[in-house]
Amino acid sequence: MSTLMTNRMLLPARDTRALLVKWIVALLVPVAVFTFVWSGEEIVNAVISPGTAGPNLPTDPVSLIQSAIFIALFYLAVIVLAGYLVAADSGRRGMLSLWLDVLIFALLPLFLVMNIGLIIGLAACVVIWAVYFFARNFVRKARHYTPPLALPSLGLLDAEQRAILMGRAIAGGFWFATAFAIVWLIADLVYFFTGSLPPQLLIWVVIRTLLLPVAGYFLGRLAGVLALRRTLSAHANGNGNGGDATNESTRRISKRQQLQVLSATRVREEAKDLVPNDLPLRSSGAQRFYLILLVAFVLFYPILDPFLFGFGTDGRLASFGDAGRYVILALGLNIVVGFAGLLDLGYVAFFAIGCYVWGMIGSTQLTNVLNVAPIDPHILSWLFWPMLLGAALVAAFFGVILGAPTLRLRGDYLAIVTLGFGEIVPIVLLELDKYTNGTNGIVGVQSPAFFGIDWSIITPAPYYYLILALIALSIFANIRLRDSRLGRAWIAIREDEIAAASSGVNLVNTKLFAFGAGAFFSGVAGAYYAAKLGGASPDNFSFNDSVIYLAMVVIGGIGSIPGVIVGALVVYSINELILAQLDTLASDPTNFMFFVRSAIVHVIPGFTFGNIRNLLFGIVLVVIMIFRPEGLIPSARRRRELRASTEEAPEMGSLDVMPGTPGFETEVRVE
Amino acid sequence: MSVKPVELAGEPAEPVSGALLELSGVTKYFGGLAAVQDVDLVIKPKEIVSVIGPNGAGKTTVFNLITGIYRPTSGDVRLDGRSLLGLNPDQVVKRGITRTFQNIRLFNNMTVMENVLVGQHTQLKANLFGLLFHTPAVVHEEADARQRAVELLSFFGPELVARQEEYVVNLSYAEKRRVEIARALGAKPALLLLDEPTAGMNEVETLEAVKYVRRLRDELNLTILLIEHKLAVTMGISDRIAVLDYGRKIAEGLPEEVRSNEKVIEAYLGKSATATASQNEASTSDQKAIE
């Protein structure tokens, strides 16, 4: 089997050294920038020695513990990642192109976010990345460069080669941690001699410098274990010719054959998961680390917020809490539109229903209407938790009610009916003023209650964690539904109703369940919204909102769970953060946007960005859809579909005949 | 009495009339046009029955009437003596009839495995709570379903098993037909309806298809009703043949009887054709019916 391996795999020490240099530089630079230029050092110092931290940093013990956990998690994950990448790399990709990528995709965002704010910075990154991709393709075309196919590095590893991988992983972890410790030591010594480092921190500096390499060694081992789990292993090597070995080799060959009969793209996809690898940064092993880092960041964000943006109104926590409800809405709509393929233009109706359910119950509205004594607000607050489920169930019930008349319809007709429902619900809420307080809406809606937590409006953290928990539950439910017999039935209906029905899928129940499940999540988001806003008003639920939700799903990637989450955040950021902020930014004379606006005002007097906000939003959406028709993170299904649609001729079937000819009848009817 | 699932179908079934499927006086009008008129058909357990006829003769309409996609204007369809009238397609599947389509209707954006799993939809019992929280019963059921899907695919040899995680759109035409049959088998049918299982296949693939249609009957104890254009195929595998023309059944009987039936020859070749010419015609391999 080892003949399959190129000599490159059996790396001599020199190659390992090259790999080490490659990855240590690639990872160390962004980590160092985070630590020394941005907030990392500040956070560490705040934890180690609270007295020496900067003026606007939290000093309470809970915040410090949280920061400590975050920072430890961050560095440990990066060290393991370093070991993993050194082990997982096949070594075929050049250092310079890797460093260029790290520069563009890690350093650039760091600098931009530091200097011009998180959202605007990331938006600028997206533009630069697009330009970079375009330029890279241009250069590659000009040089007739095609990226090498990943298959050649798909080797089978025997025990010896696995040991080499393990060695490389340990070396990676150890040397990365050592290099980082030395850089940090030097930096701290410089700080010390320039007087900006208090002497009591020197003990910590010594401990850290000794501790990091040791931790690096063990974390490297861990990285090796993780990498080896993703190898294509050959348990029996050349000299083992027993029955076991032949059995083993047939299995392996079938795997190889399997890969080879697949298309080139699919091979690359498969190869992405195996170690060694040409694109280790994109392997699923590495992606797991990004996920860990992302979860850690999101989880500890409230404590990091002041480090990143400052206190009070400068903080972004509240607006991220708002963005969360869009994520839930997009996840819910994704079930209806993405999985079951039922176009729903009235999704806002269920959000409104969820909102009013908690609005009515969580305020004095319902008790006034019923003419009974109001419930004690302290008890009422606690009712939020059962009513969160209650609101979701009521919304789901209405989802099924809406679903029932639309079952015979599809495509455009379905969209019109749902559109009607979306218009009816807010009007009903408006006109039932005896119960819903009409145009004035409901005020004084209770916020939730939980042991020892202050839910007032100036502390956005509880709402942030609440929405985070709700999002986590929604994602969990979405994934479980998608991978179940129900999810398969939804996708089957989306693909071909007649074939689905002929495979035993009950179209009525399955579609109604999709409407119900979609509306359920909408109801959850609605109840959360009413509680956070402290009220409910019929103005909040317009057709525009339904369209925005749909845009989130489509832009993110129809049917893709990570896609719609990103889609929701992107659309929210563009619409509510970037475009809404342009005028504020332009009024600051030090900002770049100030000059942009002054230039335009010369031509068009009285110009503000607010006037063209919707125009800009529309343009952004159009541009995204032109360049990523399948969405930002498409599901594999959808990607394949769009790629293949140009190759497949449309099929005429016995059930797709023209009206008027024999055999014409409405397609599967459901009664 | 209920339809026996595949595994149990080997035991003697005891339908009232000795028939598994019984069509009596089935008529279907589309507007003023009679697509199917007064068709009677009886299929006994473990039979392979073919429906042939020129294009537009109403063969696929008969399939759609049996499987509940269309409802007959008049007449009755009975499975094991129980009427299928008024049932939706999924209820017909539950009663034990599954089908394939003339123009393959696989779920193109699903993998081979997922397609076959959808076919087992009626066999899976997971409820909402179970599938959300992965109760042991659901985990077990899902694992069994996958195992069963592999078994169904391996009925057609190891190639499909190896490609189970592929999107079906990447498969060859013949492989797609096999996946479609595997999907139809997932519901443990007693009666399998195959709509032109060899359409668009070359000679080798057609022979393969003939072989596995026989094996479906012999090894899985299935009863098979098929529509077929290639006369050689039909003659080779059918126990009985029914001929449709302009929505009416013009002949039914053993292959040899049908082959020499004058009405059939007329329907296929027009009035001027002689009986001898048609016999030659029918024996030519892979001869397609006049379009």
# chains A, B, ... in the order shown; residues from 1 in each chain; ligands from 1
>>> closest_atom_pairs(of="chain B", to="chain A", cutoff="6 Å", atoms="only C-alpha atoms", output="Markdown table")
| residue | atom | partner | partner_atom | distance |
| --- | --- | --- | --- | --- |
| B:Ile69 | CA | A:Val668 | CA | 5.7 |
| B:Pro89 | CA | A:Ser502 | CA | 5.4 |
| B:Asp90 | CA | A:Gly504 | CA | 3.9 |
| B:Val93 | CA | A:Gly504 | CA | 5.2 |
| B:Asn103 | CA | A:Gly653 | CA | 5.9 |
| B:Arg105 | CA | A:Ala499 | CA | 6.0 |
| B:Phe107 | CA | A:Glu495 | CA | 5.6 |
| B:Asn109 | CA | A:Arg637 | CA | 5.4 |
| B:Gly119 | CA | A:Ser503 | CA | 4.9 |
| B:Thr122 | CA | A:Gly504 | CA | 5.6 |
| B:Leu132 | CA | A:Arg480 | CA | 5.5 |
>>> select_by_dssp(residues="range 42-289 of chain B", states="strand (DSSP E)", output="number ranges by chain")
B: 42-43, 48-52, 74-79, 82-83, 97-99, 191-195, 223-227, 240-245, 248-253
>>> atom_distance(atom1="CA of Gly40 in chain A", atom2="CA of Pro109 in chain A")
15.7 Å
>>> select_by_dssp(residues="range 187-244 of chain B", states="helix (DSSP H, G or I)", output="PyMOL selection string")
chain B and resi 203-220+231-237
>>> write_last_selection(atoms="N, CA, C and O atoms", output="compact mmCIF listing (two decimals), in the first residue's frame")
# COMPACT_ATOMS: atom_id res chain seq x y z
N GLU B 203 -29.74 -2.96 -25.25
CA GLU B 203 -30.11 -4.37 -25.21
C GLU B 203 -29.64 -5.07 -23.94
O GLU B 203 -30.37 -5.83 -23.32
N VAL B 204 -28.39 -4.77 -23.57
CA VAL B 204 -27.83 -5.43 -22.39
C VAL B 204 -28.62 -5.05 -21.15
O VAL B 204 -29.01 -5.91 -20.34
N GLU B 205 -28.88 -3.76 -21.03
CA GLU B 205 -29.61 -3.29 -19.85
C GLU B 205 -31.02 -3.85 -19.83
O GLU B 205 -31.56 -4.18 -18.77
N THR B 206 -31.62 -3.99 -21.02
CA THR B 206 -32.97 -4.55 -21.10
C THR B 206 -32.98 -5.98 -20.59
O THR B 206 -33.84 -6.38 -19.80
N LEU B 207 -31.97 -6.75 -21.00
CA LEU B 207 -31.88 -8.13 -20.53
C LEU B 207 -31.75 -8.20 -19.01
O LEU B 207 -32.39 -9.01 -18.35
N GLU B 208 -30.89 -7.32 -18.50
CA GLU B 208 -30.74 -7.22 -17.04
C GLU B 208 -32.09 -6.97 -16.40
O GLU B 208 -32.47 -7.62 -15.42
N ALA B 209 -32.81 -5.99 -16.97
CA ALA B 209 -34.09 -5.58 -16.39
C ALA B 209 -35.05 -6.77 -16.39
O ALA B 209 -35.74 -7.01 -15.39
N VAL B 210 -35.08 -7.50 -17.49
CA VAL B 210 -35.98 -8.66 -17.56
C VAL B 210 -35.64 -9.64 -16.45
O VAL B 210 -36.50 -10.17 -15.76
N LYS B 211 -34.32 -9.81 -16.24
CA LYS B 211 -33.88 -10.75 -15.21
C LYS B 211 -34.36 -10.32 -13.84
O LYS B 211 -34.89 -11.13 -13.07
N TYR B 212 -34.19 -9.04 -13.54
CA TYR B 212 -34.56 -8.67 -12.17
C TYR B 212 -36.07 -8.57 -11.98
O TYR B 212 -36.55 -8.73 -10.88
N VAL B 213 -36.80 -8.32 -13.05
CA VAL B 213 -38.26 -8.34 -12.89
C VAL B 213 -38.69 -9.75 -12.49
O VAL B 213 -39.51 -9.95 -11.59
N ARG B 214 -38.09 -10.76 -13.14
CA ARG B 214 -38.40 -12.15 -12.76
C ARG B 214 -38.00 -12.42 -11.32
O ARG B 214 -38.74 -13.04 -10.57
N ARG B 215 -36.78 -11.94 -10.99
CA ARG B 215 -36.30 -12.19 -9.62
C ARG B 215 -37.19 -11.51 -8.58
O ARG B 215 -37.36 -12.02 -7.48
N LEU B 216 -37.75 -10.35 -8.94
CA LEU B 216 -38.64 -9.66 -8.00
C LEU B 216 -39.81 -10.56 -7.66
O LEU B 216 -40.24 -10.65 -6.51
N ARG B 217 -40.31 -11.26 -8.68
CA ARG B 217 -41.43 -12.14 -8.45
C ARG B 217 -40.97 -13.38 -7.67
O ARG B 217 -41.56 -13.76 -6.66
N ASP B 218 -39.87 -13.98 -8.13
CA ASP B 218 -39.47 -15.26 -7.56
C ASP B 218 -38.88 -15.13 -6.16
O ASP B 218 -39.17 -15.94 -5.29
N GLU B 219 -38.04 -14.11 -5.96
CA GLU B 219 -37.34 -14.02 -4.68
C GLU B 219 -38.12 -13.22 -3.66
O GLU B 219 -38.05 -13.48 -2.47
N LEU B 220 -38.83 -12.20 -4.11
CA LEU B 220 -39.56 -11.36 -3.15
C LEU B 220 -41.05 -11.68 -3.13
O LEU B 220 -41.81 -11.00 -2.45
N LEU B 231 -42.03 -5.50 -27.37
CA LEU B 231 -42.84 -6.72 -27.41
C LEU B 231 -42.05 -7.94 -26.99
O LEU B 231 -42.56 -8.83 -26.32
N ALA B 232 -40.79 -7.98 -27.38
CA ALA B 232 -39.97 -9.15 -27.04
C ALA B 232 -39.89 -9.31 -25.53
O ALA B 232 -39.99 -10.43 -25.01
N VAL B 233 -39.73 -8.20 -24.85
CA VAL B 233 -39.67 -8.24 -23.39
C VAL B 233 -40.99 -8.76 -22.84
O VAL B 233 -41.03 -9.66 -22.01
N THR B 234 -42.06 -8.16 -23.33
CA THR B 234 -43.37 -8.53 -22.84
C THR B 234 -43.64 -10.01 -23.02
O THR B 234 -44.08 -10.70 -22.09
N MET B 235 -43.38 -10.48 -24.23
CA MET B 235 -43.65 -11.89 -24.54
C MET B 235 -42.80 -12.78 -23.64
O MET B 235 -43.23 -13.85 -23.22
N GLY B 236 -41.57 -12.34 -23.36
CA GLY B 236 -40.66 -13.18 -22.61
C GLY B 236 -41.01 -13.34 -21.14
O GLY B 236 -40.82 -14.42 -20.58
N ILE B 237 -41.51 -12.31 -20.51
CA ILE B 237 -41.65 -12.42 -19.06
C ILE B 237 -43.08 -12.50 -18.56
O ILE B 237 -43.30 -12.84 -17.40
>>> closest_residue(among="B:Leu33, B:Ala187, B:Leu194, B:Leu225", to="Leu21 in chain B", atoms="only C-alpha atoms")
B:Leu225
